[in-house]
file structure10.cif (mmCIF, N, CA and C atoms and all ligand atoms)
data_my_file
loop_
_atom_site.label_atom_id
_atom_site.label_comp_id
_atom_site.auth_asym_id
_atom_site.auth_seq_id
_atom_site.Cartn_x
_atom_site.Cartn_y
_atom_site.Cartn_z
N MET A 355 25.68 5.63 40.29
CA MET A 355 25.50 5.85 38.84
C MET A 355 24.44 4.93 38.26
N GLY A 356 24.00 3.96 39.03
CA GLY A 356 22.94 3.07 38.54
C GLY A 356 23.49 1.75 38.00
N ASP A 357 22.57 0.81 37.82
CA ASP A 357 22.95 -0.55 37.41
C ASP A 357 23.45 -0.62 35.97
N ASP A 358 23.16 0.43 35.17
CA ASP A 358 23.57 0.39 33.76
C ASP A 358 24.96 0.99 33.54
N ALA A 359 25.67 1.28 34.63
CA ALA A 359 26.99 1.92 34.52
C ALA A 359 28.08 1.04 35.14
N LEU A 360 29.22 0.99 34.47
CA LEU A 360 30.37 0.28 35.01
C LEU A 360 31.42 1.30 35.42
N GLU A 361 31.94 1.17 36.62
CA GLU A 361 32.99 2.09 37.09
C GLU A 361 34.37 1.54 36.78
N ILE A 362 35.19 2.40 36.19
CA ILE A 362 36.62 2.07 36.06
C ILE A 362 37.28 2.67 37.29
N GLU A 363 37.86 1.85 38.08
CA GLU A 363 38.41 2.33 39.36
C GLU A 363 39.57 3.29 39.11
N ARG A 364 40.42 3.00 38.15
CA ARG A 364 41.52 3.85 37.69
C ARG A 364 42.45 3.02 36.81
N ILE A 365 43.08 3.65 35.86
CA ILE A 365 44.01 2.95 34.98
C ILE A 365 45.41 3.48 35.26
N TYR A 366 46.35 2.60 35.51
CA TYR A 366 47.75 3.00 35.72
C TYR A 366 48.65 2.16 34.82
N ILE A 367 49.34 2.85 33.91
CA ILE A 367 50.31 2.19 33.03
C ILE A 367 51.71 2.56 33.52
N ARG A 368 52.59 1.56 33.62
CA ARG A 368 53.97 1.83 34.03
C ARG A 368 54.59 2.89 33.10
N GLU A 369 55.32 3.83 33.68
CA GLU A 369 55.76 5.02 32.95
C GLU A 369 56.45 4.69 31.62
N SER A 370 57.33 3.69 31.64
CA SER A 370 58.09 3.40 30.41
C SER A 370 57.21 2.81 29.30
N PHE A 371 55.97 2.44 29.64
CA PHE A 371 55.05 1.89 28.64
C PHE A 371 53.95 2.87 28.24
N GLN A 372 53.98 4.07 28.82
CA GLN A 372 52.94 5.05 28.48
C GLN A 372 53.11 5.56 27.06
N LYS A 373 52.02 6.09 26.51
CA LYS A 373 51.99 6.69 25.16
C LYS A 373 52.33 5.68 24.06
N GLN A 374 52.04 4.41 24.31
CA GLN A 374 52.28 3.38 23.30
C GLN A 374 51.01 2.58 23.02
N GLY A 375 49.89 3.09 23.48
CA GLY A 375 48.62 2.40 23.20
C GLY A 375 48.13 1.48 24.31
N CYS A 376 48.90 1.34 25.39
CA CYS A 376 48.50 0.40 26.45
C CYS A 376 47.24 0.87 27.18
N GLY A 377 47.17 2.18 27.48
CA GLY A 377 46.00 2.71 28.19
C GLY A 377 44.74 2.50 27.36
N LYS A 378 44.86 2.77 26.06
CA LYS A 378 43.72 2.59 25.14
C LYS A 378 43.30 1.12 25.12
N TYR A 379 44.28 0.21 25.09
CA TYR A 379 43.98 -1.22 25.06
C TYR A 379 43.22 -1.63 26.33
N VAL A 380 43.71 -1.19 27.47
CA VAL A 380 43.07 -1.54 28.75
C VAL A 380 41.64 -0.98 28.79
N LEU A 381 41.49 0.25 28.30
CA LEU A 381 40.16 0.86 28.28
C LEU A 381 39.22 0.09 27.35
N GLN A 382 39.75 -0.33 26.20
CA GLN A 382 38.91 -1.10 25.26
C GLN A 382 38.46 -2.42 25.89
N GLN A 383 39.33 -3.02 26.71
CA GLN A 383 38.95 -4.25 27.42
C GLN A 383 37.81 -3.98 28.40
N ALA A 384 37.89 -2.84 29.08
CA ALA A 384 36.84 -2.46 30.04
C ALA A 384 35.52 -2.20 29.31
N ILE A 385 35.62 -1.57 28.12
CA ILE A 385 34.41 -1.30 27.33
C ILE A 385 33.77 -2.61 26.88
N ALA A 386 34.60 -3.55 26.41
CA ALA A 386 34.08 -4.86 25.97
C ALA A 386 33.40 -5.57 27.14
N MET A 387 34.02 -5.48 28.31
CA MET A 387 33.46 -6.12 29.51
C MET A 387 32.11 -5.47 29.87
N ALA A 388 32.06 -4.14 29.79
CA ALA A 388 30.82 -3.42 30.11
C ALA A 388 29.71 -3.81 29.14
N GLN A 389 30.07 -3.93 27.85
CA GLN A 389 29.06 -4.29 26.84
C GLN A 389 28.54 -5.71 27.07
N GLU A 390 29.44 -6.62 27.46
CA GLU A 390 29.01 -7.99 27.76
C GLU A 390 28.03 -8.00 28.92
N LEU A 391 28.20 -7.06 29.83
CA LEU A 391 27.32 -6.98 31.01
C LEU A 391 26.10 -6.09 30.74
N ASN A 392 25.92 -5.71 29.47
CA ASN A 392 24.78 -4.88 29.06
C ASN A 392 24.74 -3.51 29.74
N LYS A 393 25.92 -2.96 30.02
CA LYS A 393 25.98 -1.60 30.57
C LYS A 393 25.88 -0.60 29.42
N THR A 394 25.37 0.59 29.71
CA THR A 394 25.24 1.61 28.66
C THR A 394 26.27 2.72 28.80
N LYS A 395 26.99 2.73 29.92
CA LYS A 395 28.02 3.77 30.08
C LYS A 395 29.10 3.28 31.05
N ILE A 396 30.26 3.91 30.92
CA ILE A 396 31.32 3.67 31.90
C ILE A 396 31.72 5.02 32.49
N TRP A 397 32.15 5.01 33.73
CA TRP A 397 32.48 6.27 34.39
C TRP A 397 33.67 6.07 35.32
N LEU A 398 34.27 7.19 35.70
CA LEU A 398 35.41 7.16 36.61
C LEU A 398 35.58 8.52 37.27
N GLY A 399 36.36 8.53 38.33
CA GLY A 399 36.75 9.77 38.99
C GLY A 399 38.24 9.98 38.77
N VAL A 400 38.63 11.20 38.39
CA VAL A 400 40.05 11.49 38.15
C VAL A 400 40.40 12.81 38.84
N TRP A 401 41.56 12.83 39.52
CA TRP A 401 41.98 14.01 40.26
C TRP A 401 42.02 15.23 39.33
N GLU A 402 41.43 16.33 39.74
CA GLU A 402 41.27 17.50 38.87
C GLU A 402 42.61 18.05 38.36
N LYS A 403 43.72 17.76 39.09
CA LYS A 403 45.02 18.30 38.66
C LYS A 403 45.80 17.31 37.79
N ASN A 404 45.22 16.16 37.51
CA ASN A 404 45.89 15.16 36.68
C ASN A 404 45.56 15.44 35.20
N GLU A 405 46.22 16.50 34.67
CA GLU A 405 45.89 16.96 33.32
C GLU A 405 46.15 15.90 32.26
N ASN A 406 47.21 15.12 32.45
CA ASN A 406 47.56 14.08 31.48
C ASN A 406 46.43 13.05 31.36
N ALA A 407 45.97 12.57 32.52
CA ALA A 407 44.91 11.55 32.51
C ALA A 407 43.60 12.14 31.98
N ILE A 408 43.29 13.37 32.34
CA ILE A 408 42.05 14.01 31.87
C ILE A 408 42.09 14.13 30.34
N ALA A 409 43.24 14.53 29.80
CA ALA A 409 43.37 14.65 28.34
C ALA A 409 43.20 13.28 27.68
N PHE A 410 43.77 12.25 28.30
CA PHE A 410 43.63 10.88 27.77
C PHE A 410 42.16 10.47 27.77
N TYR A 411 41.49 10.66 28.90
CA TYR A 411 40.08 10.23 28.98
C TYR A 411 39.21 11.01 27.99
N LYS A 412 39.50 12.31 27.83
CA LYS A 412 38.73 13.11 26.85
C LYS A 412 38.95 12.56 25.45
N LYS A 413 40.22 12.26 25.13
CA LYS A 413 40.53 11.69 23.81
C LYS A 413 39.78 10.38 23.59
N MET A 414 39.56 9.65 24.66
CA MET A 414 38.87 8.36 24.58
C MET A 414 37.34 8.51 24.63
N GLY A 415 36.87 9.76 24.62
CA GLY A 415 35.43 9.98 24.49
C GLY A 415 34.68 10.22 25.78
N PHE A 416 35.41 10.42 26.88
CA PHE A 416 34.75 10.73 28.15
C PHE A 416 34.43 12.22 28.22
N VAL A 417 33.32 12.55 28.88
CA VAL A 417 33.00 13.95 29.14
C VAL A 417 32.80 14.13 30.65
N GLN A 418 33.15 15.32 31.11
CA GLN A 418 32.98 15.59 32.54
C GLN A 418 31.51 15.88 32.82
N THR A 419 30.98 15.23 33.83
CA THR A 419 29.57 15.47 34.18
C THR A 419 29.41 16.01 35.59
N GLY A 420 30.48 16.01 36.36
CA GLY A 420 30.36 16.50 37.74
C GLY A 420 31.70 16.44 38.44
N ALA A 421 31.66 16.61 39.75
CA ALA A 421 32.89 16.58 40.55
C ALA A 421 32.55 16.01 41.92
N HIS A 422 33.58 15.45 42.54
CA HIS A 422 33.39 14.83 43.85
C HIS A 422 34.47 15.35 44.79
N VAL A 423 34.06 16.03 45.83
CA VAL A 423 35.01 16.58 46.80
C VAL A 423 35.17 15.58 47.95
N PHE A 424 36.43 15.34 48.31
CA PHE A 424 36.69 14.45 49.44
C PHE A 424 37.91 14.95 50.19
N TYR A 425 38.14 14.41 51.37
CA TYR A 425 39.28 14.84 52.20
C TYR A 425 40.28 13.72 52.35
N MET A 426 41.56 14.07 52.07
CA MET A 426 42.65 13.14 52.34
C MET A 426 43.35 13.70 53.57
N GLY A 427 43.04 13.15 54.73
CA GLY A 427 43.46 13.81 55.97
C GLY A 427 42.71 15.12 56.08
N ASP A 428 43.48 16.23 56.23
CA ASP A 428 42.84 17.55 56.31
C ASP A 428 42.76 18.24 54.94
N GLU A 429 43.34 17.59 53.94
CA GLU A 429 43.45 18.25 52.63
C GLU A 429 42.23 17.99 51.74
N LYS A 430 41.67 19.09 51.25
CA LYS A 430 40.50 18.98 50.38
C LYS A 430 40.93 18.61 48.96
N GLN A 431 40.35 17.59 48.41
CA GLN A 431 40.70 17.14 47.06
C GLN A 431 39.43 17.08 46.21
N THR A 432 39.60 17.26 44.91
CA THR A 432 38.44 17.15 44.01
C THR A 432 38.75 16.17 42.88
N ASP A 433 37.88 15.23 42.71
CA ASP A 433 37.92 14.34 41.54
C ASP A 433 36.87 14.81 40.54
N LEU A 434 37.23 14.87 39.26
CA LEU A 434 36.23 15.10 38.23
C LEU A 434 35.53 13.78 37.94
N ILE A 435 34.24 13.83 37.78
CA ILE A 435 33.49 12.64 37.38
C ILE A 435 33.34 12.70 35.86
N MET A 436 33.83 11.64 35.20
CA MET A 436 33.78 11.61 33.73
C MET A 436 33.05 10.35 33.26
N ILE A 437 32.24 10.53 32.22
CA ILE A 437 31.40 9.44 31.73
C ILE A 437 31.58 9.27 30.22
N LYS A 438 31.55 8.02 29.81
CA LYS A 438 31.53 7.72 28.36
C LYS A 438 30.30 6.84 28.08
N THR A 439 29.48 7.32 27.15
CA THR A 439 28.31 6.52 26.75
C THR A 439 28.77 5.47 25.75
N LEU A 440 28.29 4.25 25.93
CA LEU A 440 28.74 3.15 25.07
C LEU A 440 27.80 3.01 23.86
N PRO A 441 28.36 2.59 22.72
CA PRO A 441 27.53 2.43 21.52
C PRO A 441 26.57 1.25 21.68
C1 LIG B 501 46.64 8.22 31.58
C2 LIG B 501 47.25 6.89 31.06
C3 LIG B 501 46.45 5.70 31.61
C4 LIG B 501 47.15 6.89 29.51
O1 LIG B 501 47.68 5.67 29.01
P1 LIG B 501 48.69 5.60 27.79
O2 LIG B 501 49.06 4.19 27.58
O3 LIG B 501 49.82 6.57 28.01
O4 LIG B 501 47.79 6.17 26.59
P2 LIG B 501 47.72 5.59 25.09
O5 LIG B 501 49.10 5.52 24.53
O6 LIG B 501 46.92 4.33 25.07
O7 LIG B 501 46.93 6.77 24.35
C5 LIG B 501 45.64 6.55 23.76
C6 LIG B 501 45.26 7.80 23.00
O8 LIG B 501 45.16 8.90 23.92
C7 LIG B 501 46.04 9.94 23.51
N1 LIG B 501 46.65 10.54 24.70
C8 LIG B 501 47.32 9.92 25.70
N2 LIG B 501 47.75 10.81 26.60
C9 LIG B 501 47.34 12.02 26.14
C10 LIG B 501 47.51 13.36 26.60
N3 LIG B 501 48.16 13.62 27.75
N4 LIG B 501 46.97 14.37 25.89
C11 LIG B 501 46.29 14.13 24.73
N5 LIG B 501 46.12 12.87 24.23
C12 LIG B 501 46.63 11.85 24.93
C13 LIG B 501 47.09 9.28 22.64
O9 LIG B 501 47.65 10.19 21.73
C14 LIG B 501 46.28 8.20 21.95
O10 LIG B 501 45.57 8.76 20.85
P3 LIG B 501 45.27 7.90 19.52
O11 LIG B 501 44.25 6.85 19.90
O12 LIG B 501 44.74 8.91 18.55
O13 LIG B 501 46.56 7.30 19.09
C15 LIG B 501 48.76 6.78 31.43
O14 LIG B 501 49.43 7.92 30.98
C16 LIG B 501 49.01 6.60 32.93
O15 LIG B 501 49.01 5.49 33.45
N6 LIG B 501 49.29 7.72 33.63
C17 LIG B 501 49.71 7.69 35.03
C18 LIG B 501 48.67 7.14 35.95
C19 LIG B 501 47.40 7.94 35.92
O16 LIG B 501 47.39 9.16 36.08
N7 LIG B 501 46.29 7.20 35.71
C20 LIG B 501 44.96 7.77 35.74
C21 LIG B 501 44.44 7.87 37.13
S1 LIG B 501 42.72 8.21 37.14
#
call {"tool": "encode", "arguments": {"input": "structure10.cif", "output": "structure tokens"}}
result
Amino acid sequence: MGDDALEIERIYIRESFQKQGCGKYVLQQAIAMAQELNKTKIWLGVWEKNENAIAFYKKMGFVQTGAHVFYMGDEKQTDLIMIKTLP
């Protein structure tokens, strides 16, 4: 993605703490970190069937720009590549 992009490896909030603003808080920390490092965008890969996470990332301003196919053993999997441009 280039030197101006920061990758979020993945965000996992414990189930009993979901939908209370924790994911947004963690994401905001990543955005602040990216801005300190003079990055212009953040990106991540999310499993195409993880509708909950995709809806969360969209709400947070990410857009899908591509997809990444990989194999877990013999099983074909697809991650959506999503990017958020930073202000
Ligand atoms: C996806 C995940 C990180 C979201 O974190 P969260 O703490 O539940 O989300 P938040 O409460 O911070 O929500 C932030 C905003 O997104 C919205 N949002 C969250 N989930 C949403 C959904 N499924 N659909 C639509 N909006 C959603 C919230 O309404 C909130 O909006 P607001 O800012 O207007 O109030 C969390 O559900 C999670 O850990 N899921 C399981 C692990 C996982 O799949 N991680 C992603 C792997 S790539």
call {"tool": "closest_atom_pairs", "arguments": {"input": "structure10.cif", "of": "chain A", "to": "ligand LIG 501 (chain B)", "cutoff": "10 Å", "atoms": "only C-alpha atoms and all ligand atoms", "output": "Markdown table"}}
result
| residue | atom | partner | partner_atom | distance |
| --- | --- | --- | --- | --- |
| A:Ile362 | CA | B:LIG501 | S1 | 8.7 |
| A:Glu363 | CA | B:LIG501 | S1 | 7.6 |
| A:Arg364 | CA | B:LIG501 | S1 | 4.6 |
| A:Ile365 | CA | B:LIG501 | N7 | 4.9 |
| A:Tyr366 | CA | B:LIG501 | O15 | 3.6 |
| A:Ile367 | CA | B:LIG501 | O15 | 3.6 |
| A:Arg368 | CA | B:LIG501 | O15 | 6.2 |
| A:Glu369 | CA | B:LIG501 | O15 | 6.8 |
| A:Ser370 | CA | B:LIG501 | O3 | 9.2 |
| A:Phe371 | CA | B:LIG501 | O2 | 6.5 |
| A:Gln372 | CA | B:LIG501 | O3 | 3.5 |
| A:Lys373 | CA | B:LIG501 | O5 | 3.2 |
| A:Gln374 | CA | B:LIG501 | O5 | 4.0 |
| A:Gly375 | CA | B:LIG501 | O6 | 3.2 |
| A:Cys376 | CA | B:LIG501 | O2 | 4.0 |
| A:Gly377 | CA | B:LIG501 | O2 | 3.5 |
| A:Lys378 | CA | B:LIG501 | O6 | 3.6 |
| A:Tyr379 | CA | B:LIG501 | O6 | 6.3 |
| A:Val380 | CA | B:LIG501 | O6 | 7.9 |
| A:Leu381 | CA | B:LIG501 | O6 | 8.2 |
| A:Gln382 | CA | B:LIG501 | O6 | 9.7 |
| A:Leu398 | CA | B:LIG501 | S1 | 7.4 |
| A:Gly399 | CA | B:LIG501 | S1 | 6.4 |
| A:Val400 | CA | B:LIG501 | S1 | 4.3 |
| A:Trp401 | CA | B:LIG501 | S1 | 6.6 |
| A:Glu402 | CA | B:LIG501 | S1 | 9.6 |
| A:Lys403 | CA | B:LIG501 | O16 | 9.8 |
| A:Asn404 | CA | B:LIG501 | O16 | 6.2 |
| A:Glu405 | CA | B:LIG501 | N3 | 6.9 |
| A:Asn406 | CA | B:LIG501 | N3 | 3.8 |
| A:Ala407 | CA | B:LIG501 | C1 | 3.9 |
| A:Ile408 | CA | B:LIG501 | N3 | 7.4 |
| A:Ala409 | CA | B:LIG501 | N4 | 4.4 |
| A:Phe410 | CA | B:LIG501 | C9 | 4.2 |
| A:Tyr411 | CA | B:LIG501 | O8 | 7.3 |
| A:Lys412 | CA | B:LIG501 | N5 | 7.8 |
| A:Lys413 | CA | B:LIG501 | O8 | 5.4 |
| A:Met414 | CA | B:LIG501 | O8 | 6.3 |
| A:Gly415 | CA | B:LIG501 | O8 | 9.8 |
| A:Asp433 | CA | B:LIG501 | S1 | 8.9 |
| A:Leu434 | CA | B:LIG501 | S1 | 9.5 |
call {"tool": "closest_residue", "arguments": {"input": "structure10.cif", "among": "A:Ile385, A:Pro441, A:Phe416, A:Trp397", "to": "Ala359 (chain A)", "atoms": "only N, CA and C atoms"}}
result
A:Trp397
call {"tool": "select_by_dssp", "arguments": {"input": "structure10.cif", "residues": "region 385-430 of chain A", "states": "alpha helix (DSSP H)", "output": "PyMOL selection string"}}
result
chain A and resi 385-390+405-413
call {"tool": "write_last_selection", "arguments": {"input": "structure10.cif", "atoms": "N, CA and C atoms", "output": "PDB file, in the coordinates of the input"}}
result
ATOM      1  N   ILE A 385      35.620  -1.570  28.120  1.00  0.00           N
ATOM      2  CA  ILE A 385      34.410  -1.300  27.330  1.00  0.00           C
ATOM      3  C   ILE A 385      33.770  -2.610  26.880  1.00  0.00           C
ATOM      4  N   ALA A 386      34.600  -3.550  26.410  1.00  0.00           N
ATOM      5  CA  ALA A 386      34.080  -4.860  25.970  1.00  0.00           C
ATOM      6  C   ALA A 386      33.400  -5.570  27.140  1.00  0.00           C
ATOM      7  N   MET A 387      34.020  -5.480  28.310  1.00  0.00           N
ATOM      8  CA  MET A 387      33.460  -6.120  29.510  1.00  0.00           C
ATOM      9  C   MET A 387      32.110  -5.470  29.870  1.00  0.00           C
ATOM     10  N   ALA A 388      32.060  -4.140  29.790  1.00  0.00           N
ATOM     11  CA  ALA A 388      30.820  -3.420  30.110  1.00  0.00           C
ATOM     12  C   ALA A 388      29.710  -3.810  29.140  1.00  0.00           C
ATOM     13  N   GLN A 389      30.070  -3.930  27.850  1.00  0.00           N
ATOM     14  CA  GLN A 389      29.060  -4.290  26.840  1.00  0.00           C
ATOM     15  C   GLN A 389      28.540  -5.710  27.070  1.00  0.00           C
ATOM     16  N   GLU A 390      29.440  -6.620  27.460  1.00  0.00           N
ATOM     17  CA  GLU A 390      29.010  -7.990  27.760  1.00  0.00           C
ATOM     18  C   GLU A 390      28.030  -8.000  28.920  1.00  0.00           C
ATOM     19  N   GLU A 405      46.220  16.500  34.670  1.00  0.00           N
ATOM     20  CA  GLU A 405      45.890  16.960  33.320  1.00  0.00           C
ATOM     21  C   GLU A 405      46.150  15.900  32.260  1.00  0.00           C
ATOM     22  N   ASN A 406      47.210  15.120  32.450  1.00  0.00           N
ATOM     23  CA  ASN A 406      47.560  14.080  31.480  1.00  0.00           C
ATOM     24  C   ASN A 406      46.430  13.050  31.360  1.00  0.00           C
ATOM     25  N   ALA A 407      45.970  12.570  32.520  1.00  0.00           N
ATOM     26  CA  ALA A 407      44.910  11.550  32.510  1.00  0.00           C
ATOM     27  C   ALA A 407      43.600  12.140  31.980  1.00  0.00           C
ATOM     28  N   ILE A 408      43.290  13.370  32.340  1.00  0.00           N
ATOM     29  CA  ILE A 408      42.050  14.010  31.870  1.00  0.00           C
ATOM     30  C   ILE A 408      42.090  14.130  30.340  1.00  0.00           C
ATOM     31  N   ALA A 409      43.240  14.530  29.800  1.00  0.00           N
ATOM     32  CA  ALA A 409      43.370  14.650  28.340  1.00  0.00           C
ATOM     33  C   ALA A 409      43.200  13.280  27.680  1.00  0.00           C
ATOM     34  N   PHE A 410      43.770  12.250  28.300  1.00  0.00           N
ATOM     35  CA  PHE A 410      43.630  10.880  27.770  1.00  0.00           C
ATOM     36  C   PHE A 410      42.160  10.470  27.770  1.00  0.00           C
ATOM     37  N   TYR A 411      41.490  10.660  28.900  1.00  0.00           N
ATOM     38  CA  TYR A 411      40.080  10.230  28.980  1.00  0.00           C
ATOM     39  C   TYR A 411      39.210  11.010  27.990  1.00  0.00           C
ATOM     40  N   LYS A 412      39.500  12.310  27.830  1.00  0.00           N
ATOM     41  CA  LYS A 412      38.730  13.110  26.850  1.00  0.00           C
ATOM     42  C   LYS A 412      38.950  12.560  25.450  1.00  0.00           C
ATOM     43  N   LYS A 413      40.220  12.260  25.130  1.00  0.00           N
ATOM     44  CA  LYS A 413      40.530  11.690  23.810  1.00  0.00           C
ATOM     45  C   LYS A 413      39.780  10.380  23.590  1.00  0.00           C
TER      46      LYS A 413
END
call {"tool": "atom_distance", "arguments": {"input": "structure10.cif", "atom1": "CA of Gln431 (chain A)", "atom2": "CA of Thr419 (chain A)"}}
result
17.1 Å
call {"tool": "atom_distance", "arguments": {"input": "structure10.cif", "atom1": "atom N of Asn392 (chain A)", "atom2": "atom N of Asp358 (chain A)"}}
result
8.8 Å
call {"tool": "select_by_dssp", "arguments": {"input": "structure10.cif", "residues": "chain A", "states": "strand (DSSP E or B)", "output": "MDAnalysis selection string"}}
result
chainID A and resid 359:361 395:401 417:426 429:439
call {"tool": "atom_distance", "arguments": {"input": "structure10.cif", "atom1": "CA of Ile437 (chain A)", "atom2": "CA of Thr394 (chain A)"}}
result
10.4 Å
call {"tool": "axis_aligned_box", "arguments": {"input": "structure10.cif", "around": "region 355-369 of chain A", "padding_each_side": "6 Å", "output": "AutoDock Vina command-line options"}}
result
--center_x 39.5 --center_y 2.6 --center_z 36.0 --size_x 45.9 --size_y 18.5 --size_z 20.7
call {"tool": "build_atoms", "arguments": {"input": "structure10.cif", "residues": "region 356-373 of chain A", "atoms": "N, CA, C and O atoms", "output": "JSON list (two decimals), in the frame of the given file"}}
result
[["chain", "number", "residue", "atom", "x", "y", "z"],
["A", 356, "GLY", "N", 24.00, 3.96, 39.03],
["A", 356, "GLY", "CA", 22.94, 3.07, 38.54],
["A", 356, "GLY", "C", 23.49, 1.75, 38.00],
["A", 356, "GLY", "O", 24.69, 1.60, 37.77],
["A", 357, "ASP", "N", 22.57, 0.81, 37.82],
["A", 357, "ASP", "CA", 22.95, -0.55, 37.41],
["A", 357, "ASP", "C", 23.45, -0.62, 35.97],
["A", 357, "ASP", "O", 24.06, -1.61, 35.57],
["A", 358, "ASP", "N", 23.16, 0.43, 35.17],
["A", 358, "ASP", "CA", 23.57, 0.39, 33.76],
["A", 358, "ASP", "C", 24.96, 0.99, 33.54],
["A", 358, "ASP", "O", 25.39, 1.19, 32.42],
["A", 359, "ALA", "N", 25.67, 1.28, 34.63],
["A", 359, "ALA", "CA", 26.99, 1.92, 34.52],
["A", 359, "ALA", "C", 28.08, 1.04, 35.14],
["A", 359, "ALA", "O", 27.87, 0.43, 36.19],
["A", 360, "LEU", "N", 29.22, 0.99, 34.47],
["A", 360, "LEU", "CA", 30.37, 0.28, 35.01],
["A", 360, "LEU", "C", 31.42, 1.30, 35.42],
["A", 360, "LEU", "O", 31.73, 2.22, 34.67],
["A", 361, "GLU", "N", 31.94, 1.17, 36.62],
["A", 361, "GLU", "CA", 32.99, 2.09, 37.09],
["A", 361, "GLU", "C", 34.37, 1.54, 36.78],
["A", 361, "GLU", "O", 34.66, 0.38, 37.05],
["A", 362, "ILE", "N", 35.19, 2.40, 36.19],
["A", 362, "ILE", "CA", 36.62, 2.07, 36.06],
["A", 362, "ILE", "C", 37.28, 2.67, 37.29],
["A", 362, "ILE", "O", 37.24, 3.89, 37.49],
["A", 363, "GLU", "N", 37.86, 1.85, 38.08],
["A", 363, "GLU", "CA", 38.41, 2.33, 39.36],
["A", 363, "GLU", "C", 39.57, 3.29, 39.11],
["A", 363, "GLU", "O", 39.69, 4.30, 39.76],
["A", 364, "ARG", "N", 40.42, 3.00, 38.15],
["A", 364, "ARG", "CA", 41.52, 3.85, 37.69],
["A", 364, "ARG", "C", 42.45, 3.02, 36.81],
["A", 364, "ARG", "O", 42.57, 1.83, 37.06],
["A", 365, "ILE", "N", 43.08, 3.65, 35.86],
["A", 365, "ILE", "CA", 44.01, 2.95, 34.98],
["A", 365, "ILE", "C", 45.41, 3.48, 35.26],
["A", 365, "ILE", "O", 45.62, 4.70, 35.24],
["A", 366, "TYR", "N", 46.35, 2.60, 35.51],
["A", 366, "TYR", "CA", 47.75, 3.00, 35.72],
["A", 366, "TYR", "C", 48.65, 2.16, 34.82],
["A", 366, "TYR", "O", 48.69, 0.95, 34.94],
["A", 367, "ILE", "N", 49.34, 2.85, 33.91],
["A", 367, "ILE", "CA", 50.31, 2.19, 33.03],
["A", 367, "ILE", "C", 51.71, 2.56, 33.52],
["A", 367, "ILE", "O", 51.99, 3.73, 33.78],
["A", 368, "ARG", "N", 52.59, 1.56, 33.62],
["A", 368, "ARG", "CA", 53.97, 1.83, 34.03],
["A", 368, "ARG", "C", 54.59, 2.89, 33.10],
["A", 368, "ARG", "O", 54.37, 2.83, 31.89],
["A", 369, "GLU", "N", 55.32, 3.83, 33.68],
["A", 369, "GLU", "CA", 55.76, 5.02, 32.95],
["A", 369, "GLU", "C", 56.45, 4.69, 31.62],
["A", 369, "GLU", "O", 56.18, 5.30, 30.59],
["A", 370, "SER", "N", 57.33, 3.69, 31.64],
["A", 370, "SER", "CA", 58.09, 3.40, 30.41],
["A", 370, "SER", "C", 57.21, 2.81, 29.30],
["A", 370, "SER", "O", 57.64, 2.70, 28.16],
["A", 371, "PHE", "N", 55.97, 2.44, 29.64],
["A", 371, "PHE", "CA", 55.05, 1.89, 28.64],
["A", 371, "PHE", "C", 53.95, 2.87, 28.24],
["A", 371, "PHE", "O", 53.09, 2.53, 27.43],
["A", 372, "GLN", "N", 53.98, 4.07, 28.82],
["A", 372, "GLN", "CA", 52.94, 5.05, 28.48],
["A", 372, "GLN", "C", 53.11, 5.56, 27.06],
["A", 372, "GLN", "O", 54.18, 5.49, 26.49],
["A", 373, "LYS", "N", 52.02, 6.09, 26.51],
["A", 373, "LYS", "CA", 51.99, 6.69, 25.16],
["A", 373, "LYS", "C", 52.33, 5.68, 24.06],
["A", 373, "LYS", "O", 52.88, 6.04, 23.03]]
